[in-house]
Amino acid sequence: MKFSLIICTYNRPKALLQLLESVGKQTMSPNEILIIDGSQGEKTKVAVENISFSSLSYFQVDDQNRGLTKQRNFGISKVGANIEVVCFLDDDVVLEQDYFELLLNTYQNYPEAIGIGGYIKDVVEWVPSNESYSVQYDDYIKDGYVRKLGSRNVLRKKFNLLSQEAPGYMPKFSNGLSTSFLPPSNKTYRVEFFMGGVSSFKKELLHKLKFSEYFEGYGLYEDMDFCLRASKIGQLYVNTAAKLDHYHEPDGRPNQFDYGKMVIRNGWYVWRVKYPKPNFVSRLKWHVIALLLTLVRLSNSLNSSQKKAAFTESIGRIYGWWSLMFSAPQIGKNEK
C-alpha cells in the first residue's frame, strides 16, 4: 500500500530530527513525508534543509493554518493522488524499526479497517500474570498481563466511577480507559478511539472527515473527536506490535492554566460528540469525576514537586468547569 507520513511540528527541531532519523531506518519507507511546520522562526526549516530524504516536502504555514488540527488538514490537502493510507506522528516520538511495516500489514489483515493506531510502549509497567497471581485492588488485568490502575483510577474505582468498557471505548459518562490500558501483547484490538500522534487512516476517510478546528493550537483531545466521528463510519483498530517511544518534549506546550481549561472544556466537547444527549446519571457522573480529579490535582499543589504547575492547572480546570454553564462549546460548529 502506498502511504504518506504527515508530521505536524511546532518549535521542536531537535525532536523532529530524532523522529526523522528513526523514519530513515524503517523496513518500509513512506512514499512521501510531509512536514507541516507551525513554528514562527527559522530553526526547524534550517534543520530540515540538511536532511536528505528524496520523498520529503516541507511546508511552513502562516497564522491562518497554524495549530494542530489546522496543520493536519493542511497536510491532508498536500497528499499525493496515488496515496492509499495517511499516517500521522507527533514530532517527539521515535519509531521501532518495523513500525510502518507492521502498521500497514494490519490493513491487509483487517480489510474493513478505516483507521489503525500504533502502540506507545513503556507508558506504564506491565508484567505477565498467571493463574496463581494474587489480584490486588489497584490491579488491571488483560490478556495475561497486569498493570497498576494509578491513584486517580483507584479513587474513581472506590466511588464506582471507573469505566467498565474495554480500553479505547467511551462509556456513557465519558472518562473511559485509554489505549495505554491495552497490554503489550502484540495483538490487534478493536477500538473506537486511539491517540492521534501515533495514528493512520485510509485516505478515502480523510476526504469525508476533517479534523475539527474547534481545537485551537495545542488541540487536546482533537484525536478522540476525530476518531469518535470516524468510528460512526467504519472500524478502528490498535496494533500493539507497531511500537514507538513518546518522549513528551516540553517545548511547544500550552501554559498550565490553558491546559487545565482544555481538560474540562475539550473533555466535555468530545463526550457530547459521542453522546449528544446523555441521561441524568451520566451527566452527574461526568461532573463528579471532573470535581474529583480537580481536587486531586489541587492536592498536588501541596504534596508534589511541581506545586505551582499543579495549582495553576487546577485553577484552569475550575475556570473551564464554570465556563460550561455560561458558554458551553457548540458541537460540530468548526468541523469541515
# chains A, B, ... in the order shown; residues from 1 in each chain; ligands from 1
>>> closest_atom_pairs(of="segment 194-272 of chain A", to="segment 56-79 of chain A", cutoff="9 Å", atoms="only C-alpha atoms", output="JSON lines")
{"residue": "A:Lys203", "atom": "CA", "partner": "A:Ile76", "partner_atom": "CA", "distance": 8.5}
{"residue": "A:Leu206", "atom": "CA", "partner": "A:Ile76", "partner_atom": "CA", "distance": 7.4}
{"residue": "A:His207", "atom": "CA", "partner": "A:Ile76", "partner_atom": "CA", "distance": 8.8}
{"residue": "A:Lys210", "atom": "CA", "partner": "A:Asn73", "partner_atom": "CA", "distance": 6.4}
{"residue": "A:Phe211", "atom": "CA", "partner": "A:Thr69", "partner_atom": "CA", "distance": 5.4}
{"residue": "A:Ser212", "atom": "CA", "partner": "A:Thr69", "partner_atom": "CA", "distance": 6.4}
{"residue": "A:Glu213", "atom": "CA", "partner": "A:Thr69", "partner_atom": "CA", "distance": 5.8}
{"residue": "A:Tyr214", "atom": "CA", "partner": "A:Thr69", "partner_atom": "CA", "distance": 8.6}
{"residue": "A:Phe215", "atom": "CA", "partner": "A:Thr69", "partner_atom": "CA", "distance": 6.8}
{"residue": "A:Glu216", "atom": "CA", "partner": "A:Gly67", "partner_atom": "CA", "distance": 5.9}
{"residue": "A:Gly217", "atom": "CA", "partner": "A:Gly67", "partner_atom": "CA", "distance": 4.0}
{"residue": "A:Tyr218", "atom": "CA", "partner": "A:Leu68", "partner_atom": "CA", "distance": 5.9}
{"residue": "A:Gly219", "atom": "CA", "partner": "A:Leu68", "partner_atom": "CA", "distance": 6.0}
{"residue": "A:Glu222", "atom": "CA", "partner": "A:Thr69", "partner_atom": "CA", "distance": 7.2}
{"residue": "A:Asp223", "atom": "CA", "partner": "A:Thr69", "partner_atom": "CA", "distance": 9.0}
>>> select_by_dssp(residues="segment 135-180 of chain A", states="helix (DSSP H, G or I)", output="list in words")
Ser151, Arg152, Asn153, Val154, Leu155, Arg156, Lys157, Lys158, Thr179 and Ser180 of chain A
>>> select_by_dssp(residues="segment 130-279 of chain A", states="strand (DSSP E or B)", output="MDAnalysis selection string")
chainID A and resid 139:142 145:148 188:191 198:202 235:246
>>> closest_atom_pairs(of="segment 149-254 of chain A", to="segment 262-277 of chain A", cutoff="7 Å", atoms="only C-alpha atoms", output="JSON lines")
{"residue": "A:Lys172", "atom": "CA", "partner": "A:Tyr275", "partner_atom": "CA", "distance": 6.9}
{"residue": "A:Ser174", "atom": "CA", "partner": "A:Trp271", "partner_atom": "CA", "distance": 5.6}
{"residue": "A:Leu220", "atom": "CA", "partner": "A:Met262", "partner_atom": "CA", "distance": 6.5}
{"residue": "A:Tyr221", "atom": "CA", "partner": "A:Asn266", "partner_atom": "CA", "distance": 6.4}
{"residue": "A:Met224", "atom": "CA", "partner": "A:Val270", "partner_atom": "CA", "distance": 6.8}
{"residue": "A:Asp225", "atom": "CA", "partner": "A:Val270", "partner_atom": "CA", "distance": 5.3}
{"residue": "A:Leu228", "atom": "CA", "partner": "A:Lys274", "partner_atom": "CA", "distance": 6.4}
>>> closest_atom_pairs(of="segment 218-331 of chain A", to="segment 184-190 of chain A", cutoff="6 Å", atoms="only C-alpha atoms", output="tab-separated table")
residue	atom	partner	partner_atom	distance
A:Tyr237	CA	A:Arg190	CA	4.5
A:Val238	CA	A:Tyr189	CA	5.3
A:Asn239	CA	A:Thr188	CA	4.2
A:Thr240	CA	A:Asn186	CA	4.7
A:Ala241	CA	A:Asn186	CA	4.1
>>> closest_residue(among="A:Gln164, A:Gln235, A:Thr27, A:Ser134", to="Leu95 of chain A", atoms="only C-alpha atoms")
A:Thr27
>>> atom_distance(atom1="atom CA of Glu192 of chain A", atom2="atom CA of Gly38 of chain A")
28.9 Å
>>> closest_residue(among="A:Phe100, A:Tyr107, A:Tyr145, A:Tyr169", to="Asn130 of chain A", atoms="only C-alpha atoms")
A:Tyr145
>>> atom_distance(atom1="atom CA of Asn11 of chain A", atom2="atom CA of Tyr247 of chain A")
15.0 Å
>>> atom_distance(atom1="atom CA of Gly197 of chain A", atom2="atom CA of Ala113 of chain A")
18.3 Å
>>> residues_around(residues="Leu20 of chain A", least_positions_apart="5", cutoff="9 Å", atoms="only C-alpha atoms", output="ChimeraX atom specification")
/A:15,25,51,91,94
>>> write_last_selection(atoms="C-alpha atoms", output="short mmCIF file (atom, residue, chain, number, x, y, z; two decimals), in the first residue's frame")
data_model
loop_
_atom_site.label_atom_id
_atom_site.label_comp_id
_atom_site.auth_asym_id
_atom_site.auth_seq_id
_atom_site.Cartn_x
_atom_site.Cartn_y
_atom_site.Cartn_z
CA ALA A 15 12.91 16.21 18.50
CA LYS A 25 15.78 3.25 9.43
CA ILE A 51 18.10 16.17 5.66
CA ASP A 91 7.11 15.24 16.37
CA VAL A 94 10.90 7.62 17.90
#
>>> closest_residue(among="A:Glu165, A:Ser199, A:Asp37, A:Lys148", to="Lys243 of chain A", atoms="only C-alpha atoms")
A:Ser199
>>> decode(residues="segment 36-132 of chain A", atoms="C-alpha atoms", output="mmCIF file, in the first residue's frame")
data_model
loop_
_atom_site.group_PDB
_atom_site.id
_atom_site.type_symbol
_atom_site.label_atom_id
_atom_site.label_comp_id
_atom_site.auth_asym_id
_atom_site.auth_seq_id
_atom_site.Cartn_x
_atom_site.Cartn_y
_atom_site.Cartn_z
ATOM 1 C CA ILE A 36 3.868 20.862 8.316
ATOM 2 C CA ASP A 37 5.691 23.423 10.440
ATOM 3 C CA GLY A 38 3.805 25.943 12.573
ATOM 4 C CA SER A 39 6.988 27.475 14.013
ATOM 5 C CA GLN A 40 7.379 31.228 13.663
ATOM 6 C CA GLY A 41 11.170 31.134 13.485
ATOM 7 C CA GLU A 42 13.576 29.505 11.030
ATOM 8 C CA LYS A 43 15.213 26.845 13.257
ATOM 9 C CA THR A 44 13.038 23.956 12.092
ATOM 10 C CA LYS A 45 13.300 24.993 8.442
ATOM 11 C CA VAL A 46 17.103 25.133 8.645
ATOM 12 C CA ALA A 47 17.240 21.745 10.382
ATOM 13 C CA VAL A 48 15.050 20.097 7.731
ATOM 14 C CA GLU A 49 17.089 21.573 4.865
ATOM 15 C CA ASN A 50 20.055 19.451 5.984
ATOM 16 C CA ILE A 51 18.100 16.172 5.657
ATOM 17 C CA SER A 52 18.487 14.071 2.513
ATOM 18 C CA PHE A 53 15.058 12.481 2.078
ATOM 19 C CA SER A 54 14.086 12.431 -1.598
ATOM 20 C CA SER A 55 10.421 11.981 -0.658
ATOM 21 C CA LEU A 56 10.283 14.816 1.895
ATOM 22 C CA SER A 57 8.326 18.036 1.403
ATOM 23 C CA TYR A 58 8.467 20.891 3.912
ATOM 24 C CA PHE A 59 5.724 23.479 4.430
ATOM 25 C CA GLN A 60 5.892 26.364 6.885
ATOM 26 C CA VAL A 61 2.337 27.574 7.473
ATOM 27 C CA ASP A 62 1.083 31.059 8.301
ATOM 28 C CA ASP A 63 -1.176 32.146 11.163
ATOM 29 C CA GLN A 64 -4.279 31.073 9.240
ATOM 30 C CA ASN A 65 -3.116 27.434 9.173
ATOM 31 C CA ARG A 66 -1.206 27.280 12.474
ATOM 32 C CA GLY A 67 -2.442 24.882 15.164
ATOM 33 C CA LEU A 68 -2.507 21.084 15.269
ATOM 34 C CA THR A 69 -5.863 20.418 13.600
ATOM 35 C CA LYS A 70 -5.353 23.154 11.002
ATOM 36 C CA GLN A 71 -1.884 21.833 10.193
ATOM 37 C CA ARG A 72 -3.226 18.298 9.820
ATOM 38 C CA ASN A 73 -5.938 19.478 7.456
ATOM 39 C CA PHE A 74 -3.339 21.467 5.508
ATOM 40 C CA GLY A 75 -1.152 18.372 5.264
ATOM 41 C CA ILE A 76 -4.054 16.253 4.028
ATOM 42 C CA SER A 77 -4.602 18.747 1.202
ATOM 43 C CA LYS A 78 -0.998 18.115 0.044
ATOM 44 C CA VAL A 79 -1.182 14.302 -0.013
ATOM 45 C CA GLY A 80 -0.412 12.705 -3.372
ATOM 46 C CA ALA A 81 -3.199 11.356 -5.578
ATOM 47 C CA ASN A 82 -1.882 7.747 -5.529
ATOM 48 C CA ILE A 83 -1.674 7.513 -1.707
ATOM 49 C CA GLU A 84 -3.917 4.936 -0.010
ATOM 50 C CA VAL A 85 -3.105 5.438 3.701
ATOM 51 C CA VAL A 86 -2.081 8.575 5.595
ATOM 52 C CA CYS A 87 -0.037 8.197 8.786
ATOM 53 C CA PHE A 88 0.267 10.877 11.458
ATOM 54 C CA LEU A 89 3.055 11.062 14.029
ATOM 55 C CA ASP A 90 3.777 13.500 16.827
ATOM 56 C CA ASP A 91 7.111 15.241 16.366
ATOM 57 C CA ASP A 92 8.511 13.898 19.676
ATOM 58 C CA VAL A 93 8.274 10.144 19.027
ATOM 59 C CA VAL A 94 10.898 7.619 17.902
ATOM 60 C CA LEU A 95 9.839 4.524 15.962
ATOM 61 C CA GLU A 96 10.887 0.919 16.289
ATOM 62 C CA GLN A 97 12.430 -0.269 13.031
ATOM 63 C CA ASP A 98 9.394 -2.224 11.798
ATOM 64 C CA TYR A 99 6.704 0.269 12.860
ATOM 65 C CA PHE A 100 5.370 1.120 9.385
ATOM 66 C CA GLU A 101 5.636 -2.463 8.120
ATOM 67 C CA LEU A 102 3.527 -3.809 10.986
ATOM 68 C CA LEU A 103 1.057 -0.921 10.835
ATOM 69 C CA LEU A 104 0.458 -1.201 7.089
ATOM 70 C CA ASN A 105 0.207 -5.000 7.215
ATOM 71 C CA THR A 106 -2.687 -4.579 9.635
ATOM 72 C CA TYR A 107 -4.757 -3.081 6.810
ATOM 73 C CA GLN A 108 -4.169 -6.293 4.850
ATOM 74 C CA ASN A 109 -5.225 -8.452 7.815
ATOM 75 C CA TYR A 110 -8.254 -6.283 8.609
ATOM 76 C CA PRO A 111 -9.503 -5.014 5.237
ATOM 77 C CA GLU A 112 -12.580 -3.426 6.846
ATOM 78 C CA ALA A 113 -10.361 -1.064 8.886
ATOM 79 C CA ILE A 114 -10.588 2.639 8.087
ATOM 80 C CA GLY A 115 -8.014 3.604 10.707
ATOM 81 C CA ILE A 116 -5.245 1.863 12.657
ATOM 82 C CA GLY A 117 -3.250 3.167 15.587
ATOM 83 C CA GLY A 118 0.195 2.162 16.747
ATOM 84 C CA TYR A 119 1.302 1.479 20.311
ATOM 85 C CA ILE A 120 3.252 3.740 22.654
ATOM 86 C CA LYS A 121 5.458 1.474 24.734
ATOM 87 C CA ASP A 122 6.705 1.924 28.289
ATOM 88 C CA VAL A 123 3.903 4.328 29.273
ATOM 89 C CA VAL A 124 3.313 2.089 32.282
ATOM 90 C CA GLU A 125 4.885 -1.103 33.564
ATOM 91 C CA TRP A 126 3.103 -4.300 32.524
ATOM 92 C CA VAL A 127 4.079 -7.678 33.972
ATOM 93 C CA PRO A 128 2.894 -11.150 32.919
ATOM 94 C CA SER A 129 0.209 -12.700 35.138
ATOM 95 C CA ASN A 130 -0.810 -16.320 35.596
ATOM 96 C CA GLU A 131 -3.428 -18.363 37.414
ATOM 97 C CA SER A 132 -1.501 -18.191 40.691
#
